[in-house]
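> Following this message is one structure expressed as structure tokens.
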Amino acid sequence: MKPCRVYLDWNATAPLRPEAREAMIAAMDVVGNPSSVHAEGRAAKAIVERARGQVALLFGCEPSQVVFTGGATEAASLIIHQGWDLVALGHHAHDCFEKAVVPYTNANLKTHLVGHDPGSWRTASLPLMADWAERRKTLCVVSGGCSETGVVEPLALVVDIAAELQSTANEKRVGDPDHSVNIATDMTQRVGKASCVGQASDFSICSAHKIGGPKGVGAVVLTSGLDLQSQIAGGGQEMGRRSGTENVIGIAGFGAAAEAAARDLANGVWDRVAELRNILEISLDAAEKDIIFVGKGAERLPNTSCFSVPGWKGETQVMQMDLAGFAISAGSACSSGKVKPSRVLRAMGYDEVTAASAIRVSLGPTTTEEDVLSFADAWGAAYKRHKARAA
């Protein structure tokens, strides 16, 4: 029998995986502090280090490059507070990066917003270069997959541009010390859905609850040779990079979810999800020809569909679909409650009405074809009623 509710908001949070639940329950019985040297402490430490290795496998890195945090938002803030002189933000950047930068934008830190299309990073290199006469440390923030649209920014291109800028600036030898440019990639939505191995980023962030782990735990993943200065004074946990006793229970669930997510990737689970997303969009397009699919021609995450019918407010659609038994969203869950057009969609060139009318449907491994077709039917019926009232 079909359940009463259909969950289509996986980008907000994924359902807790059974493997994560089991690992967390087991960790609850481990009494020690992972910083203690006695047997109980070592048992807790072993849980943390096992999870560190499980997360490292998802990124194809060494366990020592994984720094556990309280979530992706804290991870982004930790990166931003590493003494940059200039931060370049793509318009697909999540609020956790943008809001971390804004309070500190002053004479000592400059920000530069980069347009949404791939060529914008190349265009942005000129003003970035001009700023380097006075600024030595630059951070470029790239989205591995936008939470609202699923659009993937061109990381390889940004890596090349960053290397060119750094080389050119240092050839000119304008002042001391040498110029440096680093790249932070928001992998929060990408990890577990598409490969993160071989992504040449200096810093990456992720969050457990996007891959079926618990809420409230995440990580920064560092390129080998880089380090982080802790922003919280304390006991020097996480190799001195993030003080505070580790959330052993949450980290255990994170690690188990990461291991399960790696299996899903290896087994092609998300290829099937991408097929369901395409079926959904074909069905919606058949119901309403004026529908706009955001980012459809660009590289996207396999599970995400953001679409708009101008004039039908996104929050109204979310409420009507909720009453019909479907959980979806209007934009990022972290921005819920904000009745205003999406910053991301406005930056992509959509007008205010179109941006305010957008909703996001995000699928997962347990989503079925019946789920997406029944949603398309319910959405189409609701839209017909909307048009009838508007006539």
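Chain labels A, B, ... are given in the sequence in which chains occur in the structure tokens; within each chain residues are numbered consecutively from 1, and ligands are likewise numbered from 1 in the order shown.
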Show which residues sit within 6 Å of stretch 86-97 of chain A, as a PDB file with C-alpha atoms, in the first residue's frame. Count only C-alpha atoms, and ignore same-chain residues fewer than 4 positions away.

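That gives us out-v8.pdb:
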ATOM      1  CA  THR A  73      27.762  26.050   8.147  1.00  0.00           C
ATOM      2  CA  ALA A  76      32.269  27.309   5.918  1.00  0.00           C
ATOM      3  CA  LEU A 109      38.707  42.049   3.575  1.00  0.00           C
ATOM      4  CA  LYS A 110      37.208  42.621   0.156  1.00  0.00           C
ATOM      5  CA  THR A 111      34.555  40.460  -1.484  1.00  0.00           C
ATOM      6  CA  HIS A 112      33.885  39.970  -5.169  1.00  0.00           C
ATOM      7  CA  LEU A 113      30.704  38.377  -6.535  1.00  0.00           C
ATOM      8  CA  VAL A 114      31.156  36.295  -9.678  1.00  0.00           C
ATOM      9  CA  GLY A 115      28.362  35.797 -12.228  1.00  0.00           C
ATOM     10  CA  HIS A 116      26.514  32.522 -12.703  1.00  0.00           C
ATOM     11  CA  THR A 138      42.594  35.182  -2.026  1.00  0.00           C
ATOM     12  CA  LEU A 139      39.884  32.564  -1.578  1.00  0.00           C
ATOM     13  CA  CYS A 140      37.574  31.518  -4.431  1.00  0.00           C
ATOM     14  CA  VAL A 141      34.353  29.813  -3.291  1.00  0.00           C
ATOM     15  CA  VAL A 142      32.841  27.392  -5.812  1.00  0.00           C
ATOM     16  CA  SER A 143      29.644  25.339  -5.603  1.00  0.00           C
ATOM     17  CA  CYS A 146      23.741  24.391  -5.867  1.00  0.00           C
ATOM     18  CA  VAL A 344      20.495  32.553  -6.860  1.00  0.00           C
TER      19      VAL A 344
END
> Compile a residue-level contact table for stretch 255-334 of chain A against stretch 53-58 of chain A at a cut-off of 8 Å, reporting for every qualifying residue the shortest atom pair and its distance in Å to one decimal, with only C-alpha atoms counted, rows ordered by chain and ascending number, as CSV.

residue,atom,partner,partner_atom,distance
A:Gly255,CA,A:Gln54,CA,5.2
A:Ala256,CA,A:Gln54,CA,7.2
A:Ala258,CA,A:Val55,CA,5.5
A:Glu259,CA,A:Gln54,CA,5.6
A:Ala261,CA,A:Leu58,CA,7.9
A:Ala262,CA,A:Leu58,CA,6.0
> With C-alpha atoms kept, could you save the residues just selected as a short mmCIF file (atom, residue, chain, number, x, y, z; two decimals), in the first residue's frame?

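After the write, result.cif holds the following:
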data_model
loop_
_atom_site.label_atom_id
_atom_site.label_comp_id
_atom_site.auth_asym_id
_atom_site.auth_seq_id
_atom_site.Cartn_x
_atom_site.Cartn_y
_atom_site.Cartn_z
CA GLY A 255 30.87 7.66 9.04
CA ALA A 256 28.34 4.88 8.55
CA ALA A 258 29.43 7.95 4.24
CA GLU A 259 30.29 4.28 3.79
CA ALA A 261 26.79 6.53 0.28
CA ALA A 262 30.03 5.30 -1.29
#
> Which parts of stretch 116-350 of chain A does DSSP call helix (DSSP H, G or I) when run on the backbone here, written out as a PDB file with C-alpha atoms, in the first residue's frame?

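To be explicit, this is the file written out as states.pdb:
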ATOM      1  CA  GLY A 119      32.704  32.522 -18.446  1.00  0.00           C
ATOM      2  CA  SER A 120      32.156  34.791 -15.455  1.00  0.00           C
ATOM      3  CA  TRP A 121      35.097  33.313 -13.582  1.00  0.00           C
ATOM      4  CA  ARG A 122      37.359  34.210 -16.496  1.00  0.00           C
ATOM      5  CA  THR A 123      35.870  37.719 -16.692  1.00  0.00           C
ATOM      6  CA  ALA A 124      36.286  38.137 -12.943  1.00  0.00           C
ATOM      7  CA  SER A 125      40.004  37.463 -13.142  1.00  0.00           C
ATOM      8  CA  LEU A 126      40.735  41.055 -14.243  1.00  0.00           C
ATOM      9  CA  PRO A 127      39.284  42.864 -11.221  1.00  0.00           C
ATOM     10  CA  LEU A 128      40.683  40.137  -8.994  1.00  0.00           C
ATOM     11  CA  MET A 129      44.105  40.743 -10.501  1.00  0.00           C
ATOM     12  CA  ALA A 130      43.817  44.489  -9.935  1.00  0.00           C
ATOM     13  CA  ASP A 131      43.028  43.906  -6.265  1.00  0.00           C
ATOM     14  CA  LEU A 155      35.596  23.761 -10.636  1.00  0.00           C
ATOM     15  CA  ALA A 156      38.274  22.673 -13.119  1.00  0.00           C
ATOM     16  CA  LEU A 157      38.058  26.049 -14.871  1.00  0.00           C
ATOM     17  CA  VAL A 158      38.310  27.964 -11.594  1.00  0.00           C
ATOM     18  CA  VAL A 159      41.321  25.872 -10.591  1.00  0.00           C
ATOM     19  CA  ASP A 160      43.067  26.776 -13.855  1.00  0.00           C
ATOM     20  CA  ILE A 161      42.213  30.479 -13.555  1.00  0.00           C
ATOM     21  CA  ALA A 162      43.389  30.553  -9.938  1.00  0.00           C
ATOM     22  CA  ALA A 163      46.710  28.981 -10.896  1.00  0.00           C
ATOM     23  CA  GLU A 164      47.160  31.504 -13.724  1.00  0.00           C
ATOM     24  CA  LEU A 165      46.383  34.439 -11.437  1.00  0.00           C
ATOM     25  CA  GLN A 166      48.744  33.266  -8.758  1.00  0.00           C
ATOM     26  CA  SER A 167      51.545  32.655 -11.248  1.00  0.00           C
ATOM     27  CA  THR A 168      51.086  36.007 -13.006  1.00  0.00           C
ATOM     28  CA  ALA A 169      50.919  37.955  -9.745  1.00  0.00           C
ATOM     29  CA  ASN A 170      54.070  36.364  -8.402  1.00  0.00           C
ATOM     30  CA  GLU A 171      55.934  36.882 -11.654  1.00  0.00           C
ATOM     31  CA  LYS A 172      55.312  40.603 -11.251  1.00  0.00           C
ATOM     32  CA  ALA A 208      26.157  14.362   7.385  1.00  0.00           C
ATOM     33  CA  HIS A 209      22.422  14.875   7.091  1.00  0.00           C
ATOM     34  CA  LYS A 210      22.601  15.355   3.317  1.00  0.00           C
ATOM     35  CA  GLU A 238      40.749  17.654  15.750  1.00  0.00           C
ATOM     36  CA  MET A 239      44.538  17.970  15.499  1.00  0.00           C
ATOM     37  CA  GLY A 240      44.322  21.532  16.851  1.00  0.00           C
ATOM     38  CA  VAL A 248      31.099  10.886  18.982  1.00  0.00           C
ATOM     39  CA  ILE A 249      27.542   9.687  18.411  1.00  0.00           C
ATOM     40  CA  GLY A 250      26.926  12.031  15.478  1.00  0.00           C
ATOM     41  CA  ILE A 251      30.331  11.301  13.964  1.00  0.00           C
ATOM     42  CA  ALA A 252      29.665   7.554  14.160  1.00  0.00           C
ATOM     43  CA  GLY A 253      26.450   8.050  12.200  1.00  0.00           C
ATOM     44  CA  PHE A 254      28.247  10.307   9.726  1.00  0.00           C
ATOM     45  CA  GLY A 255      30.867   7.664   9.043  1.00  0.00           C
ATOM     46  CA  ALA A 256      28.336   4.881   8.554  1.00  0.00           C
ATOM     47  CA  ALA A 257      26.292   7.074   6.207  1.00  0.00           C
ATOM     48  CA  ALA A 258      29.434   7.955   4.240  1.00  0.00           C
ATOM     49  CA  GLU A 259      30.293   4.282   3.786  1.00  0.00           C
ATOM     50  CA  ALA A 260      26.745   3.509   2.610  1.00  0.00           C
ATOM     51  CA  ALA A 261      26.791   6.530   0.282  1.00  0.00           C
ATOM     52  CA  ALA A 262      30.029   5.296  -1.291  1.00  0.00           C
ATOM     53  CA  ARG A 263      28.363   1.942  -1.998  1.00  0.00           C
ATOM     54  CA  ASP A 264      25.415   3.697  -3.629  1.00  0.00           C
ATOM     55  CA  LEU A 265      27.755   5.622  -5.917  1.00  0.00           C
ATOM     56  CA  ALA A 266      29.673   2.488  -6.865  1.00  0.00           C
ATOM     57  CA  VAL A 269      22.098   4.230  -7.642  1.00  0.00           C
ATOM     58  CA  TRP A 270      22.130   7.909  -8.595  1.00  0.00           C
ATOM     59  CA  ASP A 271      22.014   7.123 -12.315  1.00  0.00           C
ATOM     60  CA  ARG A 272      18.572   5.688 -11.691  1.00  0.00           C
ATOM     61  CA  VAL A 273      17.637   8.787  -9.659  1.00  0.00           C
ATOM     62  CA  ALA A 274      18.667  10.979 -12.616  1.00  0.00           C
ATOM     63  CA  GLU A 275      16.330   8.942 -14.848  1.00  0.00           C
ATOM     64  CA  LEU A 276      13.478   9.576 -12.425  1.00  0.00           C
ATOM     65  CA  ARG A 277      14.261  13.306 -12.410  1.00  0.00           C
ATOM     66  CA  ASN A 278      14.024  13.289 -16.217  1.00  0.00           C
ATOM     67  CA  ILE A 279      10.723  11.404 -16.093  1.00  0.00           C
ATOM     68  CA  LEU A 280       9.420  14.002 -13.655  1.00  0.00           C
ATOM     69  CA  GLU A 281      10.404  16.924 -15.880  1.00  0.00           C
ATOM     70  CA  ILE A 282       8.919  15.308 -18.997  1.00  0.00           C
ATOM     71  CA  SER A 283       5.653  14.748 -17.119  1.00  0.00           C
ATOM     72  CA  LEU A 284       5.566  18.314 -15.792  1.00  0.00           C
ATOM     73  CA  ASP A 285       6.351  19.734 -19.214  1.00  0.00           C
ATOM     74  CA  ALA A 286       3.457  17.762 -20.679  1.00  0.00           C
ATOM     75  CA  ALA A 287       1.133  19.269 -18.061  1.00  0.00           C
ATOM     76  CA  GLY A 314       6.539  29.215  -4.750  1.00  0.00           C
ATOM     77  CA  GLU A 315       5.416  29.218  -1.120  1.00  0.00           C
ATOM     78  CA  THR A 316       1.802  28.745  -2.245  1.00  0.00           C
ATOM     79  CA  GLN A 317       2.814  25.718  -4.292  1.00  0.00           C
ATOM     80  CA  VAL A 318       4.729  24.258  -1.342  1.00  0.00           C
ATOM     81  CA  MET A 319       1.680  24.574   0.922  1.00  0.00           C
ATOM     82  CA  GLN A 320      -0.700  23.109  -1.656  1.00  0.00           C
ATOM     83  CA  MET A 321       1.603  20.170  -2.367  1.00  0.00           C
ATOM     84  CA  ASP A 322       2.032  19.619   1.375  1.00  0.00           C
ATOM     85  CA  LEU A 323      -1.743  19.331   1.740  1.00  0.00           C
ATOM     86  CA  ALA A 333      15.729  24.824   3.409  1.00  0.00           C
ATOM     87  CA  CYS A 334      18.246  26.993   5.274  1.00  0.00           C
ATOM     88  CA  SER A 335      16.398  30.021   3.877  1.00  0.00           C
ATOM     89  CA  ARG A 343      19.091  35.335  -4.663  1.00  0.00           C
ATOM     90  CA  VAL A 344      20.495  32.553  -6.860  1.00  0.00           C
ATOM     91  CA  LEU A 345      17.729  32.745  -9.479  1.00  0.00           C
ATOM     92  CA  ARG A 346      17.874  36.532  -9.616  1.00  0.00           C
ATOM     93  CA  ALA A 347      21.633  36.309 -10.227  1.00  0.00           C
TER      94      ALA A 347
END
> Would you mind telling me which residue in A:Cys306, A:Val37, A:Ala324, A:Val353 lies nearest to A:Asn11 when using only C-alpha atoms?
A:Cys306
> Given the choices A:Tyr383, A:Tyr7, A:Phe375, A:Phe293, which gets closest to A:Tyr350 if the distance is worked out from only C-alpha atoms?
A:Phe293
> Mind pulling up the distance from atom CA of A:Asp290 to atom CA of A:Ser147?
23.6 Å
> For A:Thr149, which of A:Ile25, A:Ala390, A:Ala100, A:Ile359 is the closest residue, counting only C-alpha atoms?
A:Ile359
> Pick the closest to A:Pro302 from A:Gly268, A:Ala219, A:Lys384, A:Gly213: which is it, counting only C-alpha atoms?
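Result for the nearest residue to A:Pro302: A:Gly268.
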> With distances taken over only C-alpha atoms, which of A:Arg300, A:Thr69, A:Glu74, A:Pro214 is nearest to A:Ala23?
A:Pro214
> A:Leu228: which residues within 10 Å, counting only C-alpha atoms, same-chain residues fewer than 2 positions away excluded, as an mmCIF file with C-alpha atoms, in the first residue's frame?

data_model
loop_
_atom_site.group_PDB
_atom_site.id
_atom_site.type_symbol
_atom_site.label_atom_id
_atom_site.label_comp_id
_atom_site.auth_asym_id
_atom_site.auth_seq_id
_atom_site.Cartn_x
_atom_site.Cartn_y
_atom_site.Cartn_z
ATOM 1 C CA VAL A 67 38.241 17.808 10.226
ATOM 2 C CA LEU A 78 35.983 28.086 9.795
ATOM 3 C CA ILE A 79 37.369 28.409 6.270
ATOM 4 C CA HIS A 81 38.059 32.996 9.096
ATOM 5 C CA GLN A 82 41.520 31.979 7.921
ATOM 6 C CA PHE A 203 39.052 23.118 1.114
ATOM 7 C CA VAL A 220 36.068 20.368 6.332
ATOM 8 C CA LEU A 222 41.711 19.804 3.389
ATOM 9 C CA LEU A 226 47.186 22.814 4.183
ATOM 10 C CA SER A 230 41.046 26.862 15.195
ATOM 11 C CA GLN A 231 38.549 29.668 15.801
ATOM 12 C CA MET A 239 44.538 17.970 15.499
ATOM 13 C CA GLY A 240 44.322 21.532 16.851
ATOM 14 C CA ARG A 241 42.001 22.629 14.048
ATOM 15 C CA ARG A 242 38.655 22.658 15.851
#
> Using backbone DSSP assignments, extract all strand (DSSP E or B) residues from stretch 175-366 of chain A; output them as a ChimeraX atom specification.
/A:180-186,191,194,203-207,218-222,292-293,300,304-308,326-327,329,358-362
